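Enquirer: Structure file start-v3.cif (mmCIF, C-alpha atoms) right here:
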data_work
loop_
_atom_site.label_atom_id
_atom_site.label_comp_id
_atom_site.auth_asym_id
_atom_site.auth_seq_id
_atom_site.Cartn_x
_atom_site.Cartn_y
_atom_site.Cartn_z
CA MET A 23 10.01 -30.53 -16.57
CA ASP A 24 12.25 -30.76 -13.57
CA HIS A 25 12.43 -27.04 -12.68
CA ALA A 26 10.94 -23.75 -13.88
CA ASP A 27 11.07 -20.13 -12.85
CA TYR A 28 7.27 -20.00 -12.99
CA ALA A 29 4.76 -22.83 -12.94
CA ILE A 30 1.28 -21.71 -13.94
CA LEU A 31 -1.62 -23.96 -13.05
CA GLY A 32 -4.38 -23.33 -15.55
CA ALA A 33 -4.15 -22.38 -19.22
CA GLY A 34 -7.34 -20.37 -19.41
CA ALA A 35 -7.43 -16.69 -20.31
CA ILE A 36 -5.38 -15.08 -17.52
CA GLY A 37 -3.07 -18.05 -17.05
CA SER A 38 -2.25 -17.92 -20.75
CA VAL A 39 -1.64 -14.16 -20.67
CA LEU A 40 0.80 -14.51 -17.77
CA ALA A 41 2.55 -17.56 -19.22
CA ALA A 42 3.02 -15.99 -22.65
CA HIS A 43 4.39 -12.71 -21.32
CA LEU A 44 6.76 -14.35 -18.83
CA ALA A 45 8.05 -16.80 -21.45
CA ARG A 46 8.58 -14.01 -23.99
CA ALA A 47 10.55 -12.12 -21.33
CA GLY A 48 12.97 -15.04 -21.03
CA HIS A 49 11.70 -16.83 -17.93
CA THR A 50 11.34 -20.61 -17.97
CA VAL A 51 7.62 -21.31 -17.69
CA ALA A 52 5.82 -24.61 -17.10
CA LEU A 53 2.16 -24.31 -18.11
CA LEU A 54 0.03 -27.01 -16.50
CA ALA A 55 -2.88 -27.79 -18.80
CA ARG A 56 -4.98 -30.72 -19.90
CA GLY A 57 -7.39 -31.95 -22.55
CA ASN A 58 -8.17 -29.91 -25.63
CA ARG A 59 -6.52 -26.79 -24.26
CA ALA A 60 -3.22 -28.61 -23.77
CA ALA A 61 -3.45 -29.96 -27.33
CA GLN A 62 -4.12 -26.47 -28.71
CA ILE A 63 -1.05 -25.02 -27.01
CA GLU A 64 1.17 -27.93 -27.99
CA ARG A 65 0.11 -27.44 -31.61
CA ASP A 66 -0.12 -23.65 -31.95
CA GLY A 67 1.50 -22.17 -28.85
CA VAL A 68 -0.21 -19.47 -26.82
CA ILE A 69 -1.66 -16.86 -29.17
CA LEU A 70 -2.62 -13.45 -27.78
CA ARG A 71 -4.81 -10.83 -29.43
CA GLY A 72 -6.13 -7.47 -28.28
CA LEU A 73 -3.83 -5.45 -26.01
CA ALA A 74 -0.93 -7.75 -26.92
CA GLU A 75 -0.47 -9.35 -30.34
CA PHE A 76 2.04 -12.20 -30.30
CA SER A 77 2.38 -15.96 -29.95
CA VAL A 78 4.89 -18.04 -28.04
CA GLN A 79 5.73 -21.72 -27.76
CA LEU A 80 6.27 -23.01 -24.23
CA PRO A 81 6.29 -26.37 -22.45
CA VAL A 82 2.94 -27.84 -21.56
CA VAL A 83 2.83 -30.12 -18.52
CA ARG A 84 -0.12 -32.49 -18.79
CA ASN A 85 0.87 -34.69 -15.83
CA PRO A 86 1.51 -32.67 -12.65
CA THR A 87 3.83 -35.36 -11.30
CA ALA A 88 6.29 -34.44 -14.07
CA LEU A 89 6.96 -31.06 -12.46
CA GLY A 90 9.73 -31.22 -9.89
CA SER A 91 10.00 -27.65 -8.65
CA ALA A 92 9.52 -24.00 -9.49
CA ARG A 93 10.48 -20.76 -7.85
CA VAL A 94 6.89 -19.49 -8.13
CA LEU A 95 3.60 -21.33 -8.56
CA ILE A 96 0.71 -19.21 -9.84
CA VAL A 97 -2.74 -20.77 -9.59
CA ALA A 98 -4.93 -19.43 -12.38
CA THR A 99 -7.63 -22.08 -12.65
CA LYS A 100 -11.29 -21.54 -11.88
CA THR A 101 -12.00 -22.27 -8.23
CA PRO A 102 -14.04 -25.50 -8.65
CA GLY A 103 -11.71 -28.46 -8.15
CA THR A 104 -8.82 -26.42 -6.74
CA ALA A 105 -8.15 -28.72 -3.78
CA ALA A 106 -7.75 -31.76 -6.04
CA ALA A 107 -5.53 -29.85 -8.47
CA LEU A 108 -3.25 -28.70 -5.66
CA ALA A 109 -3.10 -32.20 -4.17
CA ALA A 110 -1.53 -33.41 -7.41
CA LEU A 111 1.32 -30.90 -6.88
CA ARG A 112 2.10 -31.59 -3.22
CA HIS A 113 5.24 -33.50 -4.23
CA ALA A 114 6.77 -30.46 -5.94
CA ASN A 115 8.95 -27.83 -4.28
CA PHE A 116 7.91 -24.19 -4.60
CA ASP A 117 9.58 -21.19 -3.01
CA SER A 118 6.40 -19.12 -3.27
CA VAL A 119 2.81 -19.94 -4.20
CA LEU A 120 0.02 -17.52 -5.00
CA SER A 121 -3.45 -17.62 -6.48
CA ILE A 122 -5.17 -15.05 -8.68
CA GLN A 123 -8.49 -16.87 -8.30
CA ASN A 124 -11.62 -15.18 -7.02
CA GLY A 125 -12.66 -15.44 -3.37
CA PRO A 126 -10.76 -15.35 -0.06
CA GLY A 127 -10.85 -19.12 0.45
CA LYS A 128 -8.05 -19.69 -2.07
CA ASN A 129 -5.29 -18.81 0.40
CA ASP A 130 -6.49 -21.40 2.92
CA LEU A 131 -6.26 -24.10 0.23
CA LEU A 132 -2.72 -23.05 -0.67
CA ALA A 133 -1.65 -23.10 2.97
CA GLN A 134 -3.10 -26.57 3.46
CA ALA A 135 -1.27 -27.89 0.39
CA PHE A 136 2.14 -26.22 0.71
CA GLY A 137 2.40 -24.62 4.15
CA PRO A 138 1.53 -21.02 5.07
CA GLN A 139 5.15 -19.85 4.91
CA HIS A 140 5.10 -20.26 1.12
CA VAL A 141 1.78 -18.50 0.50
CA LEU A 142 1.51 -14.98 -0.88
CA GLY A 143 -1.64 -12.98 -1.38
CA ALA A 144 -2.57 -11.94 -4.90
CA LEU A 145 -5.38 -10.59 -7.03
CA ALA A 146 -5.80 -9.80 -10.70
CA ASP A 147 -7.58 -6.68 -11.90
CA THR A 148 -6.80 -7.87 -15.40
CA SER A 149 -9.13 -9.33 -18.00
CA ALA A 150 -8.96 -11.66 -20.97
CA GLU A 151 -11.20 -14.10 -22.80
CA LEU A 152 -10.33 -17.54 -24.16
CA LEU A 153 -11.89 -17.73 -27.61
CA ALA A 154 -13.21 -20.88 -29.28
CA SER A 155 -10.26 -20.73 -31.70
CA GLY A 156 -7.85 -21.14 -28.79
CA GLU A 157 -6.63 -17.56 -29.12
CA VAL A 158 -6.77 -15.34 -26.03
CA LEU A 159 -8.27 -11.86 -26.29
CA PHE A 160 -6.41 -9.62 -23.80
CA THR A 161 -8.87 -6.82 -22.91
CA ARG A 162 -7.73 -5.10 -19.68
CA ASN A 163 -4.24 -4.67 -18.28
CA VAL A 164 -4.79 -2.75 -15.03
CA ASN A 165 -2.89 -4.56 -12.27
CA VAL A 166 -1.90 -7.84 -10.74
CA VAL A 167 -1.29 -7.15 -7.05
CA ILE A 168 1.03 -9.31 -4.91
CA GLY A 169 1.95 -9.11 -1.23
CA GLU A 170 2.73 -10.91 1.98
CA LEU A 171 -0.21 -12.08 4.11
CA PRO A 172 -1.85 -10.55 5.97
CA SER A 173 0.37 -7.52 5.31
CA GLY A 174 3.95 -6.46 4.78
CA THR A 175 6.58 -6.37 2.06
CA SER A 176 9.47 -8.67 1.26
CA GLU A 177 12.25 -9.23 -1.23
CA ARG A 178 10.35 -12.12 -2.82
CA THR A 179 7.15 -10.15 -3.41
CA GLN A 180 9.15 -7.23 -4.82
CA ARG A 181 11.00 -9.54 -7.20
CA ILE A 182 7.89 -11.32 -8.47
CA ALA A 183 6.01 -8.06 -8.98
CA ARG A 184 9.00 -6.56 -10.78
CA GLU A 185 9.38 -9.57 -13.10
CA ILE A 186 5.70 -9.78 -14.06
CA ASP A 187 5.49 -6.04 -14.64
CA ALA A 188 8.66 -6.01 -16.73
CA ALA A 189 7.23 -8.86 -18.81
CA GLY A 190 4.30 -6.66 -19.87
CA VAL A 191 1.49 -7.54 -17.45
CA ARG A 192 1.12 -4.64 -15.05
CA CYS A 193 1.93 -5.74 -11.53
CA VAL A 194 2.57 -4.03 -8.20
CA GLU A 195 3.38 -5.05 -4.64
CA SER A 196 0.99 -4.17 -1.82
CA ALA A 197 1.84 -3.93 1.87
CA GLN A 198 -1.86 -4.44 2.77
CA MET A 199 -2.64 -7.56 0.79
CA LEU A 200 -5.44 -9.05 2.87
CA SER A 201 -7.26 -5.73 2.76
CA ARG A 202 -6.79 -5.53 -1.01
CA GLU A 203 -8.08 -9.07 -1.53
CA TRP A 204 -11.21 -8.49 0.53
CA SER A 205 -11.82 -5.12 -1.13
CA LYS A 206 -11.76 -6.85 -4.50
CA PHE A 207 -14.04 -9.59 -3.18
CA CYS A 208 -16.58 -7.03 -1.95
CA ALA A 209 -16.72 -5.57 -5.45
CA TRP A 210 -16.65 -8.97 -7.14
CA THR A 211 -19.72 -10.32 -5.35
CA GLY A 212 -21.82 -7.54 -6.84
CA LEU A 213 -20.23 -7.64 -10.28
CA MET A 214 -20.41 -11.41 -10.62
CA ALA A 215 -24.01 -11.63 -9.43
CA VAL A 216 -25.37 -8.95 -11.73
CA SER A 217 -23.26 -10.10 -14.67
CA VAL A 218 -24.61 -13.64 -14.78
CA THR A 219 -28.21 -12.66 -14.05
CA THR A 220 -28.45 -9.83 -16.60
CA ARG A 221 -26.07 -11.34 -19.22
CA LEU A 222 -25.07 -7.79 -20.15
CA PRO A 223 -21.65 -6.38 -21.06
CA THR A 224 -19.89 -4.97 -18.02
CA TRP A 225 -20.25 -1.28 -18.90
CA GLN A 226 -23.97 -1.69 -19.48
CA PHE A 227 -24.96 -3.29 -16.16
CA LEU A 228 -22.66 -0.90 -14.28
CA SER A 229 -24.29 2.09 -15.95
CA ASP A 230 -27.90 1.06 -15.38
CA PRO A 231 -29.31 2.63 -12.17
CA ASP A 232 -31.29 -0.45 -11.12
CA SER A 233 -28.51 -3.01 -11.56
CA ALA A 234 -26.06 -0.52 -10.03
CA LEU A 235 -28.26 -0.36 -6.92
CA VAL A 236 -28.19 -4.16 -6.61
CA ILE A 237 -24.39 -4.05 -6.86
CA VAL A 238 -24.25 -1.40 -4.14
CA ARG A 239 -26.36 -3.47 -1.75
CA LEU A 240 -24.32 -6.62 -2.37
CA VAL A 241 -21.06 -4.71 -1.84
CA ARG A 242 -22.37 -3.31 1.44
CA GLU A 243 -23.40 -6.72 2.74
CA THR A 244 -20.03 -8.24 1.86
CA ALA A 245 -18.29 -5.28 3.50
CA ARG A 246 -20.20 -6.04 6.72
CA LEU A 247 -18.72 -9.53 6.66
CA ALA A 248 -15.20 -8.17 6.11
CA GLN A 249 -15.68 -5.79 9.04
CA ALA A 250 -16.85 -8.65 11.27
CA LEU A 251 -13.68 -10.56 10.34
CA GLY A 252 -11.54 -7.58 11.28
CA VAL A 253 -10.48 -6.78 7.71
CA ASP A 254 -10.33 -3.16 6.60
CA ILE A 255 -11.60 -2.46 3.11
CA THR A 256 -10.34 0.30 0.84
CA ASP A 257 -11.21 2.06 -2.39
CA GLU A 258 -8.24 0.35 -4.08
CA SER A 259 -10.41 -1.95 -6.15
CA VAL A 260 -12.38 -1.98 -9.39
CA LEU A 261 -15.14 -0.28 -7.37
CA PRO A 262 -14.53 2.22 -4.53
CA VAL A 263 -15.98 -0.20 -1.99
CA ALA A 264 -15.00 1.64 1.20
CA SER A 265 -16.70 4.83 0.02
CA MET A 266 -19.69 2.83 -1.19
CA ALA A 267 -20.07 1.24 2.24
CA ARG A 268 -19.89 4.58 4.08
CA GLY A 269 -21.99 6.95 1.99
CA THR A 270 -25.63 7.06 0.93
CA GLU A 271 -27.06 4.56 -1.52
CA GLY A 272 -27.57 7.34 -4.06
CA ASP A 273 -23.93 8.40 -3.87
CA ALA A 274 -22.79 4.80 -4.13
CA VAL A 275 -24.96 4.18 -7.21
CA ALA A 276 -23.44 7.26 -8.85
CA LYS A 277 -19.94 5.88 -8.17
CA VAL A 278 -20.86 2.55 -9.79
CA GLN A 279 -22.31 4.31 -12.83
CA ALA A 280 -19.15 6.39 -13.17
CA VAL A 281 -17.12 3.18 -13.32
CA GLY A 282 -19.55 1.92 -15.96
CA MET A 283 -18.89 4.93 -18.14
CA ARG A 284 -15.14 4.36 -17.84
CA TYR A 285 -15.61 0.76 -18.98
CA HIS A 286 -17.72 2.03 -21.88
CA ALA A 287 -14.89 4.33 -22.93
CA THR A 288 -11.94 1.99 -22.37
CA ALA A 289 -13.26 -1.62 -22.52
CA PRO A 290 -16.69 -1.67 -24.19
CA ASP A 291 -16.45 -5.37 -25.05
CA HIS A 292 -15.48 -6.48 -21.54
CA ARG A 293 -17.52 -9.32 -20.08
CA MET A 294 -17.06 -10.79 -16.63
CA SER A 295 -15.32 -14.18 -16.62
CA SER A 296 -18.38 -15.65 -14.87
CA LEU A 297 -20.56 -14.55 -17.77
CA GLN A 298 -18.10 -16.17 -20.16
CA ASP A 299 -18.36 -19.36 -18.10
CA ILE A 300 -22.13 -19.54 -18.07
CA ASP A 301 -22.36 -18.72 -21.78
CA ASN A 302 -19.95 -21.58 -22.53
CA GLY A 303 -21.60 -24.09 -20.18
CA ARG A 304 -18.71 -24.15 -17.71
CA PRO A 305 -19.23 -24.48 -13.94
CA LEU A 306 -19.56 -21.21 -12.08
CA GLU A 307 -17.41 -20.26 -9.11
CA VAL A 308 -20.53 -19.68 -7.07
CA HIS A 309 -20.01 -22.08 -4.15
CA GLU A 310 -16.37 -21.14 -3.56
CA THR A 311 -17.11 -17.39 -3.65
CA LEU A 312 -20.67 -16.32 -2.84
CA GLY A 313 -21.23 -19.57 -0.99
CA TYR A 314 -18.03 -19.03 1.00
CA ALA A 315 -19.27 -15.61 2.11
CA VAL A 316 -22.73 -16.94 3.03
CA ALA A 317 -21.21 -19.75 5.09
CA ARG A 318 -18.77 -17.44 6.91
CA ALA A 319 -21.59 -15.01 7.70
CA ALA A 320 -23.81 -17.79 9.02
CA ALA A 321 -21.01 -19.04 11.28
CA LEU A 322 -20.67 -15.52 12.71
CA GLY A 323 -24.42 -15.04 13.09
CA ILE A 324 -24.53 -12.25 10.49
CA ASP A 325 -27.64 -11.90 8.33
CA LEU A 326 -26.84 -11.11 4.70
CA PRO A 327 -30.27 -11.60 3.08
CA LEU A 328 -29.58 -10.27 -0.41
CA LEU A 329 -26.26 -12.11 -0.76
CA ASP A 330 -27.89 -15.33 0.47
CA ALA A 331 -30.78 -14.98 -1.99
CA VAL A 332 -28.51 -14.14 -4.93
CA TYR A 333 -26.19 -17.01 -4.07
CA ARG A 334 -29.02 -19.52 -4.23
CA LEU A 335 -30.40 -18.00 -7.44
CA ILE A 336 -27.04 -18.20 -9.18
CA ALA A 337 -26.45 -21.71 -7.84
CA SER A 338 -29.63 -22.74 -9.66
CA LEU A 339 -28.16 -21.31 -12.89
CA ASP A 340 -24.80 -23.04 -12.48
CA PRO A 341 -24.15 -25.39 -15.42
CA GLY A 342 -22.05 -27.50 -13.05
CA ARG A 343 -24.68 -28.01 -10.32
CA ARG A 344 -21.94 -29.78 -8.39
CA THR A 345 -22.78 -29.43 -4.74
CA PRO A 346 -25.63 -28.09 -2.64
CA GLY A 347 -25.24 -24.82 -0.81
CA PRO A 348 -24.84 -24.38 2.94
#
Could you take the file, read its structure, and then write that structure out as structure tokens?
Expert:
Amino acid sequence: MDHADYAILGAGAIGSVLAAHLARAGHTVALLARGNRAAQIERDGVILRGLAEFSVQLPVVRNPTALGSARVLIVATKTPGTAAALAALRHANFDSVLSIQNGPGKNDLLAQAFGPQHVLGALADTSAELLASGEVLFTRNVNVVIGELPSGTSERTQRIAREIDAAGVRCVESAQMLSREWSKFCAWTGLMAVSVTTRLPTWQFLSDPDSALVIVRLVRETARLAQALGVDITDESVLPVASMARGTEGDAVAKVQAVGMRYHATAPDHRMSSLQDIDNGRPLEVHETLGYAVARAAALGIDLPLLDAVYRLIASLDPGRRTPGP
């Protein structure tokens, strides 16, 4: 494909949700996929179940060199192997590039590949699961958030947010994107760690007082790192991380449990993507996320003992076992 409105790198759960909705809304979409997943989509299209029930046929790009340009590149792969995947797209022209991957390191990789002037911040508080059948179960449609880095608004971010939202995936623009990304990351470190170690549904480990306390302590350590980097955190995340960092542990645990009860009421079957990965034998995003935080803290001389211990524990569980930690 020579040109597309949207190029989406990664045909997993969230990449498929975005691609299907944007294509159904009339945008030209190039979905970069490979292997069995590419064959599934070429044969059956993208099939959504759950919050959205429809299927759509759209072009699958197996060879990245076949893509000439796109107005927007959305990176929706898991973080392992991102640098190599982006290197294969360096020849292409993109007006804007953004990543909905986990962890703050994603924006540095985009800037290295395409130049910082093209990079937007983004996060996805949206959930789906790629089933063995190839269908995608769409379970949570809260928000994709897009904005200029480190802050600010622009015509391009407004347009992208408007198009994604109009397509059916809730999306908003934020004028404080770096803060929003780090606030999500503070919450994600706790959620990811407890998810893969307990193997419980999300509502259940959030509601349990002991696992909620572990989440609180991990959130607080990650918030210390954000503060040292000069990034303000907010409560605009899946967990109210700013309030959790300021108040007592007891109050913070109660806030986590309250979120757990909301998940129980609205998304009882929700499972963290990291839990889906470990259950299916896929590499975990542990080095690029928890390992990233541990390495940044060490470089700044900050001691994050629980995060460091949990990182090494989860690294030992990683089906990928790709690289040693810092």
Enquirer: Can you find the residues with an atom no farther than 9 Å from (-25.7, -18.5, -8.0), counting all atoms listed in the file, and report them as a PDB file with C-alpha atoms, in the frame of the given file?
Expert:
ATOM      1  CA  ALA A 215     -24.010 -11.630  -9.430  1.00  0.00           C
ATOM      2  CA  VAL A 218     -24.610 -13.640 -14.780  1.00  0.00           C
ATOM      3  CA  THR A 219     -28.210 -12.660 -14.050  1.00  0.00           C
ATOM      4  CA  LEU A 306     -19.560 -21.210 -12.080  1.00  0.00           C
ATOM      5  CA  GLU A 307     -17.410 -20.260  -9.110  1.00  0.00           C
ATOM      6  CA  VAL A 308     -20.530 -19.680  -7.070  1.00  0.00           C
ATOM      7  CA  HIS A 309     -20.010 -22.080  -4.150  1.00  0.00           C
ATOM      8  CA  LEU A 312     -20.670 -16.320  -2.840  1.00  0.00           C
ATOM      9  CA  GLY A 313     -21.230 -19.570  -0.990  1.00  0.00           C
ATOM     10  CA  ALA A 331     -30.780 -14.980  -1.990  1.00  0.00           C
ATOM     11  CA  VAL A 332     -28.510 -14.140  -4.930  1.00  0.00           C
ATOM     12  CA  TYR A 333     -26.190 -17.010  -4.070  1.00  0.00           C
ATOM     13  CA  ARG A 334     -29.020 -19.520  -4.230  1.00  0.00           C
ATOM     14  CA  LEU A 335     -30.400 -18.000  -7.440  1.00  0.00           C
ATOM     15  CA  ILE A 336     -27.040 -18.200  -9.180  1.00  0.00           C
ATOM     16  CA  ALA A 337     -26.450 -21.710  -7.840  1.00  0.00           C
ATOM     17  CA  SER A 338     -29.630 -22.740  -9.660  1.00  0.00           C
ATOM     18  CA  LEU A 339     -28.160 -21.310 -12.890  1.00  0.00           C
ATOM     19  CA  ASP A 340     -24.800 -23.040 -12.480  1.00  0.00           C
TER      20      ASP A 340
END
Enquirer: What residues come out when you apply the PyMOL selection byres ((chain A and resi 98) around 7) to this file, written as number ranges by chain?
Expert: A: 30-32, 36-37, 96-97, 99-100, 121-123
Enquirer: Separation of CA of Arg112 in chain A and CA of Leu132 in chain A, in Å?
Expert: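 A separation of 10.1 Å between them.
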Enquirer: Let me make sure I understand: among A:Leu120, A:Thr256, A:Ser229, A:Leu40, which one has the smallest atom-to-atom distance to Arg284 in chain A if we use only C-alpha atoms?
Expert: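 Looking only at the distances to Arg284 in chain A, the closest residue turns out to be A:Ser229.
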Enquirer: Which residues would end up in the selection if the PyMOL selection byres ((chain A and resi 60-62) around 10) were applied here, given that I need the answer as a list in words?
Expert: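 That selection, the PyMOL selection byres ((chain A and resi 60-62) around 10), comes back as Gly32, Ala33, Leu53, Leu54, Ala55, Arg56, Gly57, Asn58, Arg59, Ile63, Glu64, Arg65, Asp66, Gly67, Val68, Ile69, Pro81, Val82, Val83, Arg84, Ser155, Gly156 and Glu157 of chain A.
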Enquirer: Apply the PyMOL selection byres ((chain A and resi 93) around 6) to the file shown and report the selected residues as a list in words.
Expert: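 That selection, the PyMOL selection byres ((chain A and resi 93) around 6), comes back as Asp27, Ala92, Val94, Phe116 and Asp117 of chain A.
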Enquirer: I'd like the interatomic distance between CA of Leu73 in chain A and CA of Thr179 in chain A, to a tenth of an Å.
Expert: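 So the two atoms, CA of Leu73 in chain A and CA of Thr179 in chain A, lie 25.6 Å apart.
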Enquirer: Hey, which of A:Leu235, A:Val216, A:Ala35, A:Val253 ends up closest to Ala150 in chain A? Count only C-alpha atoms.
Expert: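 Checking each of A:Leu235, A:Val216, A:Ala35, A:Val253 against Ala150 in chain A, counting only C-alpha atoms, the winner is A:Ala35.
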